[in-house]
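**Q** Input: one structure, supplied below.
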Amino acid sequence: MCRYALTFQVIHVGGAKGWVVSFVVFLQMTVYLAVDSSLSMRLPIDDNSEISRRAIACQLVLQTVQKVQALDMDRKIRLVDFSHNSKIISCDIRNIEDAEKNLNCIDVSASADLISLFLLIKMENDDETSILLVFTDACTFTPEEVNLTHLPNCTVKFVCVLNEALTDDNQVARLWAISLQTEGFKEELEDSQPWMPYFVSDYDTIDSCSDALAKDLCPVPTFLLKCGLLKAYFKTLPSVDNGDWNAVVEIIGFVPINYMTNMPTTRHHFLISQLNSEDVLNLLCSALRLEESVAICRLNKNLYGALCYISAKEEDPSVCRLSMALFPCGPMPVSWLPPFTTMSSQSVVDAGNEEQSFCIRNDGLSRPSYSSVQRTCWYEVHGLQSDVQKIARLLKKIPDRTFLFYSELNRIHAYCCAIGAEDVLEKLIQVLDEESSTQSPLIIKHSMYANEKLRMYGLKNSAEIQPLQ
């Protein structure tokens with residue numbers, strides 16, 4: 001069964017033109033990190049050390065968690081107690097202190113049972129997009145033989161905290177065979193090295209080992225961005241799975257940012273410069289900002305995206321940021337613009353092909369409205385002030401403007417929930433109190449009702465507040 005997650009994203013695009021808000025549902029790979037709790041894990045890592053094998057394993061797991069989250073914030077991670085009766089460790093994986101506390105609370109058992117571990121992962125509805133990484137000393141497992149029916153649906157890999165010279169060759173071969181079977185490996189034996197267990201002793205430090213594990217769990221491909229004769233290499237954050245995009249991402253045209261207000265998007269990725277490509281990306285970023293445009297990119301045969309300049313007001317104006325906003329699949333993902341298949345790279349737009357436009361024109365096309373009210377931008381102070389003042393005016397016109405008052409109230413509350421603006425929500429409650437204090441009992445009643453609901457819902461519940469009857 002595939003796992004899905006819901007993400008809510010709010011990004012400010014292209015100077016002060018507006019916000020892009022998107023709800024995203026996407027396939028999400030789960031990483032299971034299982035820590036061996038068998039008795040041998042209490043032993044020191046070697047004869048010259050007092051550090052236990054389990055301490056090394058826990059340290060490596062926690063560092064790997066942090067680095068996987070840095071590479072892909074959307075990646076789902078589950079910690080597992082690998083013991084005679086394996087179980088999922090309940091903890092807040094985003095809070096590394098909580099994860100460490102729960103790992104340290106696990107009791108060491110006499111032995112670990114691979115079959116118990118695999119059945120647990122199968123009960124978690126794992127699939128081929130998931131991966132199980134087992135941290136162990138490869139010393140004591142229950143003697144039951146693992147067969148194909150026991151294996152989980154996901155790939156299984158092993159990390160050995162012992163020096164390779166101290167491990168049992170037969171046990172290592174057994175773990176290697178399990179990894180190959182879960183991967184469905186059918187090639188020549190000499191090509192099977194990538195599925196060998198990892199050995200901590202192969203790395204200089206725990207930090208370098210966790211780096212390697214995180215990069216293997218979250219491979220970050222490098223893409224080539226082409227704009228005419230200009231080229232730049234980049235990676236993305238969050239990372240993009242191999243095969244989702246073409247290796248060469250081509251800019252096929254430019255569109256004024258005001259044509260793209262409320263554009264439908266599915267995901268957003270920040271661009272990270274690679275291979276000395278900063279100059280080209282900075283040049284492109286500055287051009288998009290000055291021209292107040294976005295660049296339309298072809299990501300694969302049926303997927304397009306908008307390359308946008310984004311800014312944070314508190315940052316140095318010279319610092320440029322580029323973000324790729326993905327459209328829904330299809331040649332015409334933005335209904336009020338012509339099909340993107342009508343655009344092509346500037347390299348093929350010449351005197352013999354004058355009908356081919358490098359910049360989409362929007363003459364006579366109507367952009368649909370996603371709301372019955374005019375939206376304002378909170379990027380500048382006056383946008384926020386305008387919304388609060390409008391609420392105060394509508395409050396004083398109750399009962400004639402009751403419906404509009406609650407419509408505006410729900411809109412502003414939804415904005416606060418989307419961006420976590422607790423201070424704005426508190427200010428709104430204060431304004432409603434102050435503005436209603438000298439008004440009629442009916443207005444005071446509506447104000448008290450609205451504030452009660454705002455305090456009850458807070459930033460965790462953006463449900464609409466129904467008008468007081």
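So you can find residues: chains in the structure tokens are A, B, ... in the order shown, residues in each start at 1, and ligands are numbered from 1 in order.
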Any idea what's packed within 10 Å of segment 227-235 of chain A, counting only C-alpha atoms, ignoring anything in its chain fewer than 6 positions away? Could you give it as a VMD selection string?
**A** chain A and resid 220 to 221 248 to 253 269 to 281 284 295 297 345 to 348
**Q** Expressed in Å to a single decimal, how great is the separation between atom CA of Asp216 of chain A and atom CA of Gln66 of chain A?
**A**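 The value is 14.1 Å.
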**Q** Pick out the closest residue to Val134 of chain A from this set: A:Leu79, A:Leu43, A:Ala55, A:Leu337. Count only C-alpha atoms.
**A** A:Leu79
**Q** Pick out the closest residue to Thr438 of chain A from this set: A:Val200, A:Leu120, A:Thr30, A:Leu395. Count only C-alpha atoms.
**A** A:Leu395
**Q** Would you return as a ChimeraX atom specification the members of segment 11-253 of chain A that DSSP assigns to strand (DSSP E) on this structure's backbone?
**A** /A:11-13,18-27,30-36,76-82,87-89,131-136,155-160,198-199,223-227,230-237,248-253
**Q** Using Å and a single decimal, report how far atom CA of Lys157 of chain A sits from atom CA of Arg78 of chain A.
**A**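 Pair atom CA of Arg78 of chain A / atom CA of Lys157 of chain A returns 15.1 Å.
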**Q** So which one's closest to Ile121 of chain A, A:Arg94, A:Lys87, A:Arg53, A:Lys397? Using only C-alpha atoms, please.
**A** A:Lys87
**Q** Could you list, as an NGL selection string, every residue within 8 Å of Phe199 of chain A, counting only C-alpha atoms and ignoring same-chain residues fewer than 3 positions away?
**A** :A and (159-164 or 202-203)
**Q** Counting only C-alpha atoms, what is within 12 Å of Leu166 of chain A, bar same-chain residues fewer than 6 positions away, as a ChimeraX atom specification?
**A** /A:45-47,137-139,160,172,199,201
**Q** Kindly export the residues of the current selection with C-alpha atoms, as a PDB file, in the first residue's frame.
**A**
```
ATOM      1  CA  ILE A  45      33.040  -1.698  20.237  1.00  0.00           C
ATOM      2  CA  ASP A  46      36.541  -3.201  20.537  1.00  0.00           C
ATOM      3  CA  ASP A  47      39.070  -4.197  23.193  1.00  0.00           C
ATOM      4  CA  ASP A 137      26.800  -5.934  15.356  1.00  0.00           C
ATOM      5  CA  ALA A 138      25.798  -9.004  13.284  1.00  0.00           C
ATOM      6  CA  CYS A 139      26.518 -11.343  16.201  1.00  0.00           C
ATOM      7  CA  CYS A 160      27.466  -3.129  11.128  1.00  0.00           C
ATOM      8  CA  VAL A 172      27.749 -11.106   7.032  1.00  0.00           C
ATOM      9  CA  PHE A 199      30.737  -1.088   8.119  1.00  0.00           C
ATOM     10  CA  SER A 201      35.002   0.969  10.446  1.00  0.00           C
TER      11      SER A 201
END
```
**Q** Taking only segment 223-449 of chain A into account, list the residues labelled alpha helix (DSSP H) by DSSP (computed from the backbone), as a PyMOL selection string.
**A** chain A and resi 278-291+381-396+402-419+422-436+441-449
**Q** Restricting the output to C-alpha atoms, write the selected residues as an mmCIF file, in the first residue's frame.
**A**
```cif
data_model
loop_
_atom_site.group_PDB
_atom_site.id
_atom_site.type_symbol
_atom_site.label_atom_id
_atom_site.label_comp_id
_atom_site.auth_asym_id
_atom_site.auth_seq_id
_atom_site.Cartn_x
_atom_site.Cartn_y
_atom_site.Cartn_z
ATOM 1 C CA GLU A 278 26.152 30.721 -9.057
ATOM 2 C CA ASP A 279 26.697 33.492 -11.616
ATOM 3 C CA VAL A 280 24.154 32.166 -14.117
ATOM 4 C CA LEU A 281 21.514 31.507 -11.457
ATOM 5 C CA ASN A 282 22.065 34.945 -9.895
ATOM 6 C CA LEU A 283 21.781 36.552 -13.332
ATOM 7 C CA LEU A 284 18.530 34.712 -14.020
ATOM 8 C CA CYS A 285 17.209 35.556 -10.564
ATOM 9 C CA SER A 286 17.924 39.269 -11.003
ATOM 10 C CA ALA A 287 16.331 39.283 -14.456
ATOM 11 C CA LEU A 288 13.135 37.654 -13.163
ATOM 12 C CA ARG A 289 12.972 40.200 -10.349
ATOM 13 C CA LEU A 290 13.511 43.234 -12.590
ATOM 14 C CA GLU A 291 11.131 42.025 -15.296
ATOM 15 C CA VAL A 381 2.479 46.409 6.318
ATOM 16 C CA HIS A 382 -0.332 48.255 4.536
ATOM 17 C CA GLY A 383 -1.822 44.966 3.316
ATOM 18 C CA LEU A 384 -2.246 43.687 6.864
ATOM 19 C CA GLN A 385 -3.512 47.054 8.108
ATOM 20 C CA SER A 386 -6.050 47.167 5.291
ATOM 21 C CA ASP A 387 -7.470 43.768 6.265
ATOM 22 C CA VAL A 388 -7.737 44.614 9.975
ATOM 23 C CA GLN A 389 -9.352 47.988 9.272
ATOM 24 C CA LYS A 390 -11.861 46.331 6.940
ATOM 25 C CA ILE A 391 -12.846 43.875 9.691
ATOM 26 C CA ALA A 392 -13.366 46.784 12.118
ATOM 27 C CA ARG A 393 -15.568 48.650 9.615
ATOM 28 C CA LEU A 394 -17.711 45.602 8.864
ATOM 29 C CA LEU A 395 -18.130 44.864 12.574
ATOM 30 C CA LYS A 396 -19.693 48.282 13.125
ATOM 31 C CA THR A 402 -23.037 40.320 8.988
ATOM 32 C CA PHE A 403 -22.264 37.906 6.144
ATOM 33 C CA LEU A 404 -19.327 39.988 4.860
ATOM 34 C CA PHE A 405 -17.949 40.383 8.393
ATOM 35 C CA TYR A 406 -17.734 36.621 8.906
ATOM 36 C CA SER A 407 -16.368 36.065 5.383
ATOM 37 C CA GLU A 408 -13.507 38.481 6.052
ATOM 38 C CA LEU A 409 -12.988 37.075 9.544
ATOM 39 C CA ASN A 410 -12.619 33.537 8.179
ATOM 40 C CA ARG A 411 -10.273 34.693 5.415
ATOM 41 C CA ILE A 412 -7.906 36.444 7.820
ATOM 42 C CA HIS A 413 -8.059 33.540 10.262
ATOM 43 C CA ALA A 414 -7.148 31.150 7.423
ATOM 44 C CA TYR A 415 -4.180 33.374 6.507
ATOM 45 C CA CYS A 416 -2.988 33.316 10.134
ATOM 46 C CA CYS A 417 -3.240 29.522 10.263
ATOM 47 C CA ALA A 418 -1.381 29.144 6.955
ATOM 48 C CA ILE A 419 1.681 31.162 7.996
ATOM 49 C CA GLU A 422 0.003 34.066 16.180
ATOM 50 C CA ASP A 423 0.753 37.758 16.798
ATOM 51 C CA VAL A 424 -1.648 38.810 14.017
ATOM 52 C CA LEU A 425 -4.389 36.612 15.458
ATOM 53 C CA GLU A 426 -3.919 38.141 18.914
ATOM 54 C CA LYS A 427 -3.998 41.642 17.420
ATOM 55 C CA LEU A 428 -7.226 40.819 15.569
ATOM 56 C CA ILE A 429 -8.876 39.695 18.815
ATOM 57 C CA GLN A 430 -7.700 42.891 20.523
ATOM 58 C CA VAL A 431 -9.072 45.099 17.725
ATOM 59 C CA LEU A 432 -12.475 43.386 17.845
ATOM 60 C CA ASP A 433 -12.636 43.952 21.608
ATOM 61 C CA GLU A 434 -11.674 47.615 21.374
ATOM 62 C CA GLU A 435 -13.850 48.493 18.370
ATOM 63 C CA SER A 436 -16.981 46.874 19.818
ATOM 64 C CA PRO A 441 -25.210 45.248 22.487
ATOM 65 C CA LEU A 442 -25.732 43.286 19.257
ATOM 66 C CA ILE A 443 -22.286 44.244 17.937
ATOM 67 C CA ILE A 444 -20.697 43.465 21.308
ATOM 68 C CA LYS A 445 -22.391 40.059 21.230
ATOM 69 C CA HIS A 446 -20.986 39.270 17.750
ATOM 70 C CA SER A 447 -17.528 40.481 18.783
ATOM 71 C CA MET A 448 -17.480 38.292 21.905
ATOM 72 C CA TYR A 449 -18.700 35.304 19.892
#
```
**Q** Considering only C-alpha atoms, return as a list in words whatever protein or nucleic-acid residues lie within 9 Å of Leu213 of chain A, sequence-local ones (same chain, fewer than 3 positions apart) excluded.
**A**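 Neighbouring residues, sequence-local ones excluded: Thr64, Lys67, Val68, Tyr198, Ser208, Cys209, Ser210, Asp216, Leu217 and Cys218 of chain A.
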**Q** Go ahead and save the picked residues with C-alpha atoms, as a tab-separated table (two decimals), in the first residue's frame.
**A**
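Everything below was put into selection-v5.tsv:
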```tsv
chain	number	residue	atom	x	y	z
A	64	THR	CA	21.38	9.85	10.10
A	67	LYS	CA	20.84	14.47	7.84
A	68	VAL	CA	17.99	12.70	6.04
A	198	TYR	CA	27.89	-0.96	5.60
A	208	SER	CA	31.22	10.73	7.79
A	209	CYS	CA	29.40	7.40	8.05
A	210	SER	CA	26.06	9.12	8.70
A	216	ASP	CA	22.31	6.75	-0.05
A	217	LEU	CA	18.85	7.04	1.52
A	218	CYS	CA	18.15	10.37	-0.17
```
**Q** What lies within 9 Å of Leu175 of chain A using only C-alpha atoms, ignoring chain neighbours under 4 positions off, as a PyMOL selection string?
**A** chain A and resi 138+157-158+170-171+179-180+196-197
**Q** Counting only C-alpha atoms, what is within 12 Å of Cys105 of chain A, bar same-chain residues fewer than 2 positions away, as a list in words?
**A**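 Once the nearby chain positions are removed, what remains is Ser37, Cys58, Asp81, Ile89, Ser90, Cys91, Asp98, Ala99, Glu100, Lys101, Asn102, Leu103, Asp107 and Val108 of chain A.
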**Q** Kindly export the residues of the current selection with C-alpha atoms, as an mmCIF file, in the first residue's frame.
**A**
```cif
data_model
loop_
_atom_site.group_PDB
_atom_site.id
_atom_site.type_symbol
_atom_site.label_atom_id
_atom_site.label_comp_id
_atom_site.auth_asym_id
_atom_site.auth_seq_id
_atom_site.Cartn_x
_atom_site.Cartn_y
_atom_site.Cartn_z
ATOM 1 C CA SER A 37 18.743 -4.590 21.107
ATOM 2 C CA CYS A 58 22.180 5.010 18.558
ATOM 3 C CA ASP A 81 13.389 -1.628 18.263
ATOM 4 C CA ILE A 89 9.414 3.197 18.765
ATOM 5 C CA SER A 90 6.828 5.884 19.408
ATOM 6 C CA CYS A 91 8.484 9.314 19.359
ATOM 7 C CA ASP A 98 12.750 13.017 22.159
ATOM 8 C CA ALA A 99 14.032 10.405 19.711
ATOM 9 C CA GLU A 100 17.258 10.011 21.711
ATOM 10 C CA LYS A 101 15.342 9.682 24.986
ATOM 11 C CA ASN A 102 13.116 6.934 23.592
ATOM 12 C CA LEU A 103 16.050 5.061 22.049
ATOM 13 C CA ASP A 107 15.759 -2.653 27.220
ATOM 14 C CA VAL A 108 18.447 -4.962 25.871
#
```
**Q** Could you jot down the atom CA of Ile93 of chain A to atom CA of Val31 of chain A separation for me, Å, one decimal place?
**A**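 Pair atom CA of Ile93 of chain A / atom CA of Val31 of chain A returns 11.6 Å.
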